[in-house]
file protein_8.pdb (PDB, C-alpha atoms)
ATOM      1  CA  MET A 216     303.413   0.791  81.654
ATOM      2  CA  PHE A 217     303.619   1.602  77.925
ATOM      3  CA  ASP A 218     301.270   0.689  75.103
ATOM      4  CA  ALA A 219     304.151   0.607  72.635
ATOM      5  CA  VAL A 220     307.955   0.736  72.842
ATOM      6  CA  GLY A 221     310.082   1.303  69.736
ATOM      7  CA  PHE A 222     313.586  -0.062  69.206
ATOM      8  CA  GLY A 223     315.466   1.164  66.158
ATOM      9  CA  ALA A 224     317.636   3.835  64.607
ATOM     10  CA  LEU A 225     317.303   7.550  65.349
ATOM     11  CA  ASN A 226     318.136   9.826  62.420
ATOM     12  CA  LEU A 227     317.847  13.519  61.670
ATOM     13  CA  ASP A 228     316.321  13.651  58.180
ATOM     14  CA  LYS A 229     317.681  16.351  55.892
ATOM     15  CA  ILE A 230     315.118  16.557  53.111
ATOM     16  CA  TYR A 231     316.145  18.058  49.790
ATOM     17  CA  ARG A 232     313.302  18.931  47.407
ATOM     18  CA  VAL A 233     314.831  18.482  43.944
ATOM     19  CA  ASP A 234     313.795  18.904  40.326
ATOM     20  CA  LYS A 235     314.656  15.229  39.747
ATOM     21  CA  ILE A 236     316.519  12.375  41.399
ATOM     22  CA  PRO A 237     319.687  12.147  39.293
ATOM     23  CA  GLY A 238     321.124   8.888  38.064
ATOM     24  CA  ARG A 239     324.783   8.083  37.543
ATOM     25  CA  ASP A 240     326.698  11.060  36.081
ATOM     26  CA  GLU A 241     323.526  13.173  35.977
ATOM     27  CA  GLU A 242     322.926  16.534  37.642
ATOM     28  CA  GLY A 243     319.891  18.197  39.160
ATOM     29  CA  PHE A 244     319.214  21.147  41.420
ATOM     30  CA  VAL A 245     317.794  21.700  44.906
ATOM     31  CA  LEU A 246     314.494  23.562  45.250
ATOM     32  CA  ASP A 247     314.295  23.607  49.050
ATOM     33  CA  VAL A 248     315.816  22.024  52.179
ATOM     34  CA  GLU A 249     314.112  21.007  55.418
ATOM     35  CA  MET A 250     315.228  19.119  58.534
ATOM     36  CA  HIS A 251     312.973  16.699  60.399
ATOM     37  CA  PRO A 252     313.592  14.078  63.111
ATOM     38  CA  GLY A 253     313.277  10.577  61.673
ATOM     39  CA  GLY A 254     314.139   6.891  61.907
ATOM     40  CA  SER A 255     311.649   4.188  60.952
ATOM     41  CA  ALA A 256     310.644   2.890  64.392
ATOM     42  CA  ALA A 257     310.812   6.428  65.777
ATOM     43  CA  ASN A 258     308.339   7.668  63.159
ATOM     44  CA  THR A 259     305.905   4.895  64.034
ATOM     45  CA  ILE A 260     306.190   5.586  67.764
ATOM     46  CA  VAL A 261     305.485   9.295  67.209
ATOM     47  CA  GLY A 262     302.472   8.275  65.132
ATOM     48  CA  LEU A 263     301.163   6.126  67.990
ATOM     49  CA  SER A 264     301.780   8.903  70.497
ATOM     50  CA  ARG A 265     299.730  11.335  68.405
ATOM     51  CA  LEU A 266     296.936   8.761  68.429
ATOM     52  CA  GLY A 267     296.846   8.950  72.215
ATOM     53  CA  LEU A 268     298.900   5.886  73.188
ATOM     54  CA  LYS A 269     301.569   5.849  75.887
ATOM     55  CA  THR A 270     304.922   5.304  74.201
ATOM     56  CA  SER A 271     308.649   4.982  74.843
ATOM     57  CA  PHE A 272     311.763   4.371  72.764
ATOM     58  CA  ILE A 273     315.007   2.403  72.956
ATOM     59  CA  GLY A 274     317.748   3.979  70.870
ATOM     60  CA  LYS A 275     321.017   5.911  70.834
ATOM     61  CA  THR A 276     322.134   9.399  69.841
ATOM     62  CA  GLY A 277     325.443  11.196  69.794
ATOM     63  CA  ASP A 278     326.414  14.045  72.092
ATOM     64  CA  ASP A 279     325.901  16.572  69.292
ATOM     65  CA  GLU A 280     323.210  19.127  68.470
ATOM     66  CA  GLU A 281     321.451  16.605  66.203
ATOM     67  CA  GLY A 282     321.031  14.262  69.170
ATOM     68  CA  LYS A 283     319.491  17.039  71.243
ATOM     69  CA  ILE A 284     317.037  17.835  68.434
ATOM     70  CA  LEU A 285     315.988  14.177  68.203
ATOM     71  CA  ILE A 286     315.355  13.851  71.941
ATOM     72  CA  ASP A 287     313.625  17.216  72.287
ATOM     73  CA  ASP A 288     311.257  16.345  69.458
ATOM     74  CA  PHE A 289     310.307  13.055  71.143
ATOM     75  CA  ARG A 290     309.541  14.938  74.355
ATOM     76  CA  ASN A 291     307.432  17.452  72.469
ATOM     77  CA  GLU A 292     305.475  14.544  70.993
ATOM     78  CA  GLY A 293     304.893  12.964  74.407
ATOM     79  CA  VAL A 294     307.271  10.006  73.886
ATOM     80  CA  ASP A 295     309.188   8.804  76.967
ATOM     81  CA  THR A 296     312.962   9.178  76.394
ATOM     82  CA  SER A 297     314.315   7.506  79.536
ATOM     83  CA  ALA A 298     315.702   4.530  77.559
ATOM     84  CA  ILE A 299     317.547   6.605  74.953
ATOM     85  CA  ILE A 300     321.323   6.387  75.366
ATOM     86  CA  ARG A 301     323.516   9.473  74.833
ATOM     87  CA  ALA A 302     327.028   8.600  73.693
ATOM     88  CA  LYS A 303     330.115  10.370  72.417
ATOM     89  CA  GLY A 304     330.047  10.551  68.663
ATOM     90  CA  ARG A 305     327.852  11.491  65.735
ATOM     91  CA  SER A 306     324.089  11.053  65.725
ATOM     92  CA  GLY A 307     322.461   9.276  62.804
ATOM     93  CA  ALA A 308     321.433  11.322  59.787
ATOM     94  CA  ALA A 309     319.604  10.665  56.534
ATOM     95  CA  MET A 310     319.888  12.734  53.360
ATOM     96  CA  ILE A 311     316.575  12.345  51.535
ATOM     97  CA  PHE A 312     316.053  13.551  47.982
ATOM     98  CA  VAL A 313     312.399  14.034  46.976
ATOM     99  CA  ASP A 314     311.317  14.949  43.441
ATOM    100  CA  GLU A 315     308.205  16.857  42.398
ATOM    101  CA  GLY A 316     306.242  13.610  41.962
ATOM    102  CA  GLY A 317     306.933  12.509  45.545
ATOM    103  CA  SER A 318     309.479   9.792  44.683
ATOM    104  CA  ARG A 319     312.592   9.654  46.850
ATOM    105  CA  ALA A 320     316.164   8.419  47.279
ATOM    106  CA  ILE A 321     317.976   8.165  50.621
ATOM    107  CA  LEU A 322     321.583   8.129  51.863
ATOM    108  CA  VAL A 323     322.018   7.225  55.542
ATOM    109  CA  ASP A 324     324.884   8.003  57.933
ATOM    110  CA  PRO A 325     324.277   5.605  60.867
ATOM    111  CA  GLY A 326     326.520   7.405  63.374
ATOM    112  CA  VAL A 327     326.206   5.773  66.818
ATOM    113  CA  ASN A 328     322.987   3.922  65.933
ATOM    114  CA  ASP A 329     324.798   0.637  65.314
ATOM    115  CA  THR A 330     326.570   0.553  68.700
ATOM    116  CA  ILE A 331     323.828  -0.335  71.216
ATOM    117  CA  LYS A 332     325.066  -3.030  73.595
ATOM    118  CA  LEU A 333     322.560  -5.266  75.360
ATOM    119  CA  GLU A 334     323.758  -4.107  78.782
ATOM    120  CA  GLU A 335     322.862  -0.531  77.766
ATOM    121  CA  VAL A 336     319.246  -1.439  76.992
ATOM    122  CA  ARG A 337     316.822  -0.524  79.758
ATOM    123  CA  THR A 338     314.693  -3.667  79.439
ATOM    124  CA  SER A 339     312.611  -2.792  82.502
ATOM    125  CA  ILE A 340     310.434  -0.531  80.337
ATOM    126  CA  LEU A 341     309.211  -3.644  78.527
ATOM    127  CA  LYS A 342     307.492  -5.015  81.637
ATOM    128  CA  ASN A 343     303.736  -4.757  81.026
ATOM    129  CA  ALA A 344     304.336  -3.185  77.593
ATOM    130  CA  GLY A 345     301.746  -3.931  74.942
ATOM    131  CA  VAL A 346     304.014  -3.982  71.886
ATOM    132  CA  LEU A 347     307.730  -3.832  71.101
ATOM    133  CA  HIS A 348     308.104  -2.415  67.604
ATOM    134  CA  LEU A 349     311.365  -3.246  65.794
ATOM    135  CA  THR A 350     312.897  -1.816  62.644
ATOM    136  CA  SER A 351     316.328  -2.104  61.087
ATOM    137  CA  PHE A 352     319.739  -0.667  61.858
ATOM    138  CA  ILE A 353     322.178  -0.005  59.005
ATOM    139  CA  CYS A 354     324.790  -2.324  60.601
ATOM    140  CA  LYS A 355     327.717  -0.591  58.893
ATOM    141  CA  ASN A 356     329.465   0.300  62.169
ATOM    142  CA  GLY A 357     328.976  -3.148  63.730
ATOM    143  CA  LEU A 358     326.238  -5.646  64.627
ATOM    144  CA  GLU A 359     325.813  -4.749  68.297
ATOM    145  CA  SER A 360     322.409  -3.111  67.887
ATOM    146  CA  PHE A 361     321.040  -5.940  65.719
ATOM    147  CA  ASP A 362     322.300  -8.544  68.198
ATOM    148  CA  SER A 363     320.757  -6.555  71.065
ATOM    149  CA  GLN A 364     317.405  -6.591  69.261
ATOM    150  CA  LYS A 365     317.567 -10.364  68.892
ATOM    151  CA  SER A 366     318.352 -10.738  72.590
ATOM    152  CA  VAL A 367     315.475  -8.461  73.603
ATOM    153  CA  VAL A 368     313.063 -10.441  71.401
ATOM    154  CA  LYS A 369     313.891 -13.519  73.478
ATOM    155  CA  LEU A 370     312.296 -11.714  76.436
ATOM    156  CA  ALA A 371     308.988 -11.423  74.598
ATOM    157  CA  LYS A 372     307.541 -14.741  75.751
ATOM    158  CA  GLU A 373     308.805 -14.292  79.295
ATOM    159  CA  LEU A 374     307.487 -10.742  79.686
ATOM    160  CA  LYS A 375     304.393 -11.414  77.524
ATOM    161  CA  PHE A 376     304.615  -8.471  75.162
ATOM    162  CA  HIS A 377     303.861  -8.594  71.452
ATOM    163  CA  VAL A 378     306.571  -7.993  68.858
ATOM    164  CA  THR A 379     305.779  -6.063  65.679
ATOM    165  CA  PHE A 380     308.551  -6.132  63.094
ATOM    166  CA  ASP A 381     309.173  -4.086  59.955
ATOM    167  CA  PRO A 382     312.457  -5.497  58.591
ATOM    168  CA  GLY A 383     313.189  -2.958  55.867
ATOM    169  CA  LEU A 384     315.389  -3.843  52.918
ATOM    170  CA  ILE A 385     318.536  -3.610  55.049
ATOM    171  CA  TYR A 386     317.567  -6.590  57.205
ATOM    172  CA  VAL A 387     315.921  -8.497  54.353
ATOM    173  CA  GLU A 388     319.214  -8.465  52.485
ATOM    174  CA  LYS A 389     320.784 -10.340  55.416
ATOM    175  CA  GLY A 390     318.676 -13.346  54.412
ATOM    176  CA  PHE A 391     315.996 -15.361  56.166
ATOM    177  CA  LYS A 392     318.330 -17.300  58.457
ATOM    178  CA  GLU A 393     319.504 -14.101  60.151
ATOM    179  CA  LEU A 394     315.905 -13.010  60.796
ATOM    180  CA  GLU A 395     314.331 -16.391  61.520
ATOM    181  CA  ASP A 396     314.399 -16.177  65.328
ATOM    182  CA  ILE A 397     312.837 -12.714  65.297
ATOM    183  CA  ILE A 398     310.152 -13.655  62.763
ATOM    184  CA  LYS A 399     309.115 -16.766  64.700
ATOM    185  CA  THR A 400     308.549 -14.644  67.823
ATOM    186  CA  THR A 401     306.821 -11.835  65.930
ATOM    187  CA  THR A 402     303.097 -11.262  66.370
ATOM    188  CA  VAL A 403     302.694  -8.815  63.465
ATOM    189  CA  PHE A 404     305.140  -8.854  60.531
ATOM    190  CA  LEU A 405     305.032  -5.632  58.462
ATOM    191  CA  PRO A 406     307.116  -5.853  55.252
ATOM    192  CA  ASN A 407     306.384  -4.282  51.908
ATOM    193  CA  LYS A 408     305.796  -6.371  48.783
ATOM    194  CA  SER A 409     309.354  -6.327  47.428
ATOM    195  CA  GLU A 410     310.852  -7.084  50.851
ATOM    196  CA  ILE A 411     308.804 -10.199  51.565
ATOM    197  CA  GLU A 412     309.278 -11.518  48.030
ATOM    198  CA  LEU A 413     313.043 -11.089  48.284
ATOM    199  CA  LEU A 414     313.136 -12.593  51.770
ATOM    200  CA  MET A 415     311.014 -15.650  50.943
ATOM    201  CA  ASN A 416     311.863 -16.013  47.238
ATOM    202  CA  MET A 417     308.187 -16.386  46.331
ATOM    203  CA  ASP A 418     305.041 -14.375  45.650
ATOM    204  CA  TYR A 419     304.127 -12.135  48.594
ATOM    205  CA  ARG A 420     300.880 -13.994  49.259
ATOM    206  CA  ASP A 421     302.612 -17.367  49.406
ATOM    207  CA  GLY A 422     305.427 -15.813  51.440
ATOM    208  CA  SER A 423     302.923 -14.448  53.947
ATOM    209  CA  ARG A 424     301.299 -17.874  54.368
ATOM    210  CA  GLU A 425     304.715 -19.478  54.837
ATOM    211  CA  ILE A 426     305.635 -17.002  57.573
ATOM    212  CA  ILE A 427     302.309 -17.633  59.323
ATOM    213  CA  SER A 428     303.100 -21.358  59.303
ATOM    214  CA  MET A 429     306.279 -20.618  61.289
ATOM    215  CA  GLY A 430     304.388 -19.164  64.231
ATOM    216  CA  CYS A 431     303.937 -15.502  63.292
ATOM    217  CA  LYS A 432     300.315 -14.502  63.957
ATOM    218  CA  ILE A 433     299.639 -11.742  61.399
ATOM    219  CA  VAL A 434     301.355 -10.590  58.205
ATOM    220  CA  ALA A 435     300.479  -7.171  56.755
ATOM    221  CA  VAL A 436     302.130  -6.495  53.398
ATOM    222  CA  LYS A 437     302.316  -2.880  52.207
ATOM    223  CA  LEU A 438     301.460  -2.572  48.516
ATOM    224  CA  GLY A 439     301.973   1.168  48.043
ATOM    225  CA  ARG A 440     299.294   2.724  45.848
ATOM    226  CA  GLU A 441     297.442  -0.606  45.782
ATOM    227  CA  GLY A 442     296.884  -0.574  49.559
ATOM    228  CA  CYS A 443     297.754  -3.654  51.598
ATOM    229  CA  PHE A 444     297.335  -7.416  51.907
ATOM    230  CA  ILE A 445     296.675  -8.928  55.339
ATOM    231  CA  THR A 446     296.404 -12.497  56.571
ATOM    232  CA  ASP A 447     296.293 -14.341  59.873
ATOM    233  CA  GLY A 448     296.365 -17.772  58.234
ATOM    234  CA  GLU A 449     292.587 -18.097  58.284
ATOM    235  CA  LYS A 450     291.381 -14.918  56.604
ATOM    236  CA  GLU A 451     292.952 -12.837  53.864
ATOM    237  CA  TYR A 452     292.126  -9.267  52.869
ATOM    238  CA  PHE A 453     293.113  -6.853  50.122
ATOM    239  CA  ILE A 454     292.380  -3.308  51.312
ATOM    240  CA  ASP A 455     292.489  -0.420  48.850
ATOM    241  CA  ALA A 456     294.598   2.650  49.506
ATOM    242  CA  PHE A 457     292.962   6.056  50.003
ATOM    243  CA  ASP A 458     292.975   8.135  46.836
ATOM    244  CA  VAL A 459     295.181  11.140  47.633
ATOM    245  CA  LYS A 460     297.864  13.100  45.774
ATOM    246  CA  PRO A 461     301.272  12.374  47.336
ATOM    247  CA  VAL A 462     303.574  15.268  48.199
ATOM    248  CA  ASP A 463     306.324  13.222  49.895
ATOM    249  CA  THR A 464     306.257   9.445  50.407
ATOM    250  CA  THR A 465     308.996   9.543  53.071
ATOM    251  CA  GLY A 466     307.768   7.574  56.101
ATOM    252  CA  ALA A 467     304.675   6.172  54.361
ATOM    253  CA  GLY A 468     305.411   2.635  55.544
ATOM    254  CA  ASP A 469     306.142   3.832  59.084
ATOM    255  CA  ALA A 470     302.830   5.700  59.109
ATOM    256  CA  PHE A 471     301.016   2.568  57.917
ATOM    257  CA  ASN A 472     302.629   0.674  60.793
ATOM    258  CA  ALA A 473     301.336   3.241  63.297
ATOM    259  CA  GLY A 474     297.761   2.931  62.061
ATOM    260  CA  PHE A 475     297.872  -0.858  61.926
ATOM    261  CA  ILE A 476     299.459  -1.243  65.376
ATOM    262  CA  TYR A 477     296.932   1.208  66.838
ATOM    263  CA  GLY A 478     294.101  -0.948  65.513
ATOM    264  CA  PHE A 479     295.787  -4.112  66.761
ATOM    265  CA  LEU A 480     296.234  -2.737  70.279
ATOM    266  CA  LYS A 481     292.621  -1.555  70.326
ATOM    267  CA  GLY A 482     291.437  -5.043  69.374
ATOM    268  CA  TYR A 483     289.895  -4.076  66.035
ATOM    269  CA  PRO A 484     289.308  -6.707  63.297
ATOM    270  CA  LEU A 485     292.138  -7.270  60.817
ATOM    271  CA  LYS A 486     290.310  -5.478  58.018
ATOM    272  CA  THR A 487     289.879  -2.378  60.192
ATOM    273  CA  CYS A 488     293.558  -2.486  61.187
ATOM    274  CA  GLY A 489     294.511  -2.463  57.501
ATOM    275  CA  MET A 490     292.146   0.399  56.755
ATOM    276  CA  LEU A 491     293.639   2.404  59.620
ATOM    277  CA  GLY A 492     297.144   1.708  58.330
ATOM    278  CA  ASN A 493     296.171   2.933  54.872
ATOM    279  CA  PHE A 494     294.463   5.997  56.341
ATOM    280  CA  VAL A 495     297.429   7.107  58.467
ATOM    281  CA  ALA A 496     299.774   6.577  55.507
ATOM    282  CA  SER A 497     297.482   8.596  53.212
ATOM    283  CA  LYS A 498     297.474  11.521  55.645
ATOM    284  CA  ASN A 499     301.238  11.451  56.059
ATOM    285  CA  ILE A 500     302.185  11.495  52.374
ATOM    286  CA  GLN A 501     300.272  14.757  51.877
ATOM    287  CA  ARG A 502     302.929  16.662  53.875
ATOM    288  CA  VAL A 503     306.712  16.971  53.564
ATOM    289  CA  GLY A 504     308.663  14.842  56.069
ATOM    290  CA  ALA A 505     308.281  11.485  57.714
ATOM    291  CA  ARG A 506     306.066  12.775  60.560
ATOM    292  CA  ALA A 507     304.489  16.083  59.562
ATOM    293  CA  GLY A 508     301.260  14.560  58.265
ATOM    294  CA  LEU A 509     300.723  11.958  60.990
ATOM    295  CA  PRO A 510     297.101  12.388  62.124
ATOM    296  CA  SER A 511     295.695  13.090  65.564
ATOM    297  CA  LYS A 512     293.472  10.887  67.700
ATOM    298  CA  ASP A 513     290.455  12.997  66.680
ATOM    299  CA  GLU A 514     291.158  12.381  62.989
ATOM    300  CA  ILE A 515     291.411   8.624  63.375
ATOM    301  CA  GLU A 516     288.283   8.470  65.497
ATOM    302  CA  GLU A 517     286.454  10.403  62.781
ATOM    303  CA  ILE A 518     287.454   7.889  60.088
ATOM    304  CA  LEU A 519     286.435   5.029  62.395
TER     305      LEU A 519
END

call {"tool": "encode", "arguments": {"input": "protein_8.pdb", "output": "structure tokens"}}
result
Amino acid sequence: MFDAVGFGALNLDKIYRVDKIPGRDEEGFVLDVEMHPGGSAANTIVGLSRLGLKTSFIGKTGDDEEGKILIDDFRNEGVDTSAIIRAKGRSGAAMIFVDEGGSRAILVDPGVNDTIKLEEVRTSILKNAGVLHLTSFICKNGLESFDSQKSVVKLAKELKFHVTFDPGLIYVEKGFKELEDIIKTTTVFLPNKSEIELLMNMDYRDGSREIISMGCKIVAVKLGREGCFITDGEKEYFIDAFDVKPVDTTGAGDAFNAGFIYGFLKGYPLKTCGMLGNFVASKNIQRVGARAGLPSKDEIEEIL
């Protein structure tokens, strides 16, 4: 029995600290290089594991050294890896360029991430699970993983687990029709402001209300430095961000998701869930990497 199961891409993040993020035909220079395990859903699941929840992950790696690093890191974080598929080929990787102000640019090599067939998915781990957390695949090497996600979501009502969904820009650019079935089954929808406005072609507040009207229970919109906006169709909250100096914003949204989902699973009020999301994000952006700053259970209990 797992509190939360993630289903998304697994990437080894290669983080380049640079003097600036160059534009077209511009040059810059590298100050430092680090490597960290990443992937949006994977970051959130590690965040939940550090907060003391029982977690697992559905994903795919190659048979290379990068794949071993990704799996070993999960195990070190206490995440169950029994549903991760090892396949011949190249594991996913992300080249992340971070400037001195904490802004970033990312290039992703999906590797085998896009090739998860439904018959490869160990759906038995979803029995008695609290939450299935979904994030996007690049979908440049095929649609098998995206289609597998949609099929697994259909099990949500039957197996009675909640779906939390952070679409990312990659899925949003597919358009609403491609995501409609997932959104209607989603309990907590977790876009950022630009994503929901692009997806719904309206202001993020109106877009959130529209999504609630379709059957989604909660929408939590990430507003960056302005915090977040949350609604369940009856109540609406704007919750300020914590005032910290960012070092690296990589994984900030994933960290927010971890804090929010933790609050949701613990049965806290919406406003508290949003505060927890903001808190976990604020801790994470003070360290380099998508996971380095994710707080412990003791830290989140202190803020509560």

call {"tool": "closest_residue", "arguments": {"input": "protein_8.pdb", "among": "A:Val434, A:Leu263, A:Met310, A:Leu374", "to": "Val495 of chain A", "atoms": "all atoms listed in the file"}}
result
A:Leu263

call {"tool": "atom_distance", "arguments": {"input": "protein_8.pdb", "atom1": "atom CA of Gly430 of chain A", "atom2": "atom CA of Val261 of chain A"}}
result
28.6 Å

call {"tool": "resolve_selection", "arguments": {"input": "protein_8.pdb", "expression": "the PyMOL selection byres ((chain A and resi 444-458) around 12)", "output": "number ranges by chain"}}
result
A: 402-408, 411, 419-443, 459-461, 467, 471, 475, 484-501, 518

call {"tool": "write_last_selection", "arguments": {"input": "protein_8.pdb", "atoms": "C-alpha atoms", "output": "compact mmCIF listing (two decimals), in the coordinates of the input"}}
result
# COMPACT_ATOMS: atom_id res chain seq x y z
CA THR A 402 303.10 -11.26 66.37
CA VAL A 403 302.69 -8.82 63.46
CA PHE A 404 305.14 -8.85 60.53
CA LEU A 405 305.03 -5.63 58.46
CA PRO A 406 307.12 -5.85 55.25
CA ASN A 407 306.38 -4.28 51.91
CA LYS A 408 305.80 -6.37 48.78
CA ILE A 411 308.80 -10.20 51.56
CA TYR A 419 304.13 -12.14 48.59
CA ARG A 420 300.88 -13.99 49.26
CA ASP A 421 302.61 -17.37 49.41
CA GLY A 422 305.43 -15.81 51.44
CA SER A 423 302.92 -14.45 53.95
CA ARG A 424 301.30 -17.87 54.37
CA GLU A 425 304.71 -19.48 54.84
CA ILE A 426 305.64 -17.00 57.57
CA ILE A 427 302.31 -17.63 59.32
CA SER A 428 303.10 -21.36 59.30
CA MET A 429 306.28 -20.62 61.29
CA GLY A 430 304.39 -19.16 64.23
CA CYS A 431 303.94 -15.50 63.29
CA LYS A 432 300.32 -14.50 63.96
CA ILE A 433 299.64 -11.74 61.40
CA VAL A 434 301.36 -10.59 58.20
CA ALA A 435 300.48 -7.17 56.76
CA VAL A 436 302.13 -6.50 53.40
CA LYS A 437 302.32 -2.88 52.21
CA LEU A 438 301.46 -2.57 48.52
CA GLY A 439 301.97 1.17 48.04
CA ARG A 440 299.29 2.72 45.85
CA GLU A 441 297.44 -0.61 45.78
CA GLY A 442 296.88 -0.57 49.56
CA CYS A 443 297.75 -3.65 51.60
CA VAL A 459 295.18 11.14 47.63
CA LYS A 460 297.86 13.10 45.77
CA PRO A 461 301.27 12.37 47.34
CA ALA A 467 304.68 6.17 54.36
CA PHE A 471 301.02 2.57 57.92
CA PHE A 475 297.87 -0.86 61.93
CA PRO A 484 289.31 -6.71 63.30
CA LEU A 485 292.14 -7.27 60.82
CA LYS A 486 290.31 -5.48 58.02
CA THR A 487 289.88 -2.38 60.19
CA CYS A 488 293.56 -2.49 61.19
CA GLY A 489 294.51 -2.46 57.50
CA MET A 490 292.15 0.40 56.76
CA LEU A 491 293.64 2.40 59.62
CA GLY A 492 297.14 1.71 58.33
CA ASN A 493 296.17 2.93 54.87
CA PHE A 494 294.46 6.00 56.34
CA VAL A 495 297.43 7.11 58.47
CA ALA A 496 299.77 6.58 55.51
CA SER A 497 297.48 8.60 53.21
CA LYS A 498 297.47 11.52 55.64
CA ASN A 499 301.24 11.45 56.06
CA ILE A 500 302.18 11.50 52.37
CA GLN A 501 300.27 14.76 51.88
CA ILE A 518 287.45 7.89 60.09

call {"tool": "atom_distance", "arguments": {"input": "protein_8.pdb", "atom1": "atom CA of Gly357 of chain A", "atom2": "atom CA of Ala309 of chain A"}}
result
18.2 Å

call {"tool": "resolve_selection", "arguments": {"input": "protein_8.pdb", "expression": "the PyMOL selection byres ((chain A and resi 394-400) around 10)", "output": "PyMOL selection string"}}
result
chain A and resi 349+364-372+377-380+382+386-387+389-393+401-404+414+426-432

call {"tool": "resolve_selection", "arguments": {"input": "protein_8.pdb", "expression": "the PyMOL selection byres ((chain A and resi 315) around 10)", "output": "PDB file with C-alpha atoms, in the coordinates of the input"}}
result
ATOM      1  CA  ARG A 232     313.302  18.931  47.407  1.00  0.00           C
ATOM      2  CA  VAL A 233     314.831  18.482  43.944  1.00  0.00           C
ATOM      3  CA  ASP A 234     313.795  18.904  40.326  1.00  0.00           C
ATOM      4  CA  LYS A 235     314.656  15.229  39.747  1.00  0.00           C
ATOM      5  CA  ILE A 236     316.519  12.375  41.399  1.00  0.00           C
ATOM      6  CA  LEU A 246     314.494  23.562  45.250  1.00  0.00           C
ATOM      7  CA  VAL A 313     312.399  14.034  46.976  1.00  0.00           C
ATOM      8  CA  ASP A 314     311.317  14.949  43.441  1.00  0.00           C
ATOM      9  CA  GLY A 316     306.242  13.610  41.962  1.00  0.00           C
ATOM     10  CA  GLY A 317     306.933  12.509  45.545  1.00  0.00           C
ATOM     11  CA  SER A 318     309.479   9.792  44.683  1.00  0.00           C
ATOM     12  CA  ARG A 319     312.592   9.654  46.850  1.00  0.00           C
ATOM     13  CA  PRO A 461     301.272  12.374  47.336  1.00  0.00           C
ATOM     14  CA  VAL A 462     303.574  15.268  48.199  1.00  0.00           C
ATOM     15  CA  ASP A 463     306.324  13.222  49.895  1.00  0.00           C
TER      16      ASP A 463
END

call {"tool": "atom_distance", "arguments": {"input": "protein_8.pdb", "atom1": "atom CA of Asp287 of chain A", "atom2": "atom CA of Leu384 of chain A"}}
result
28.7 Å
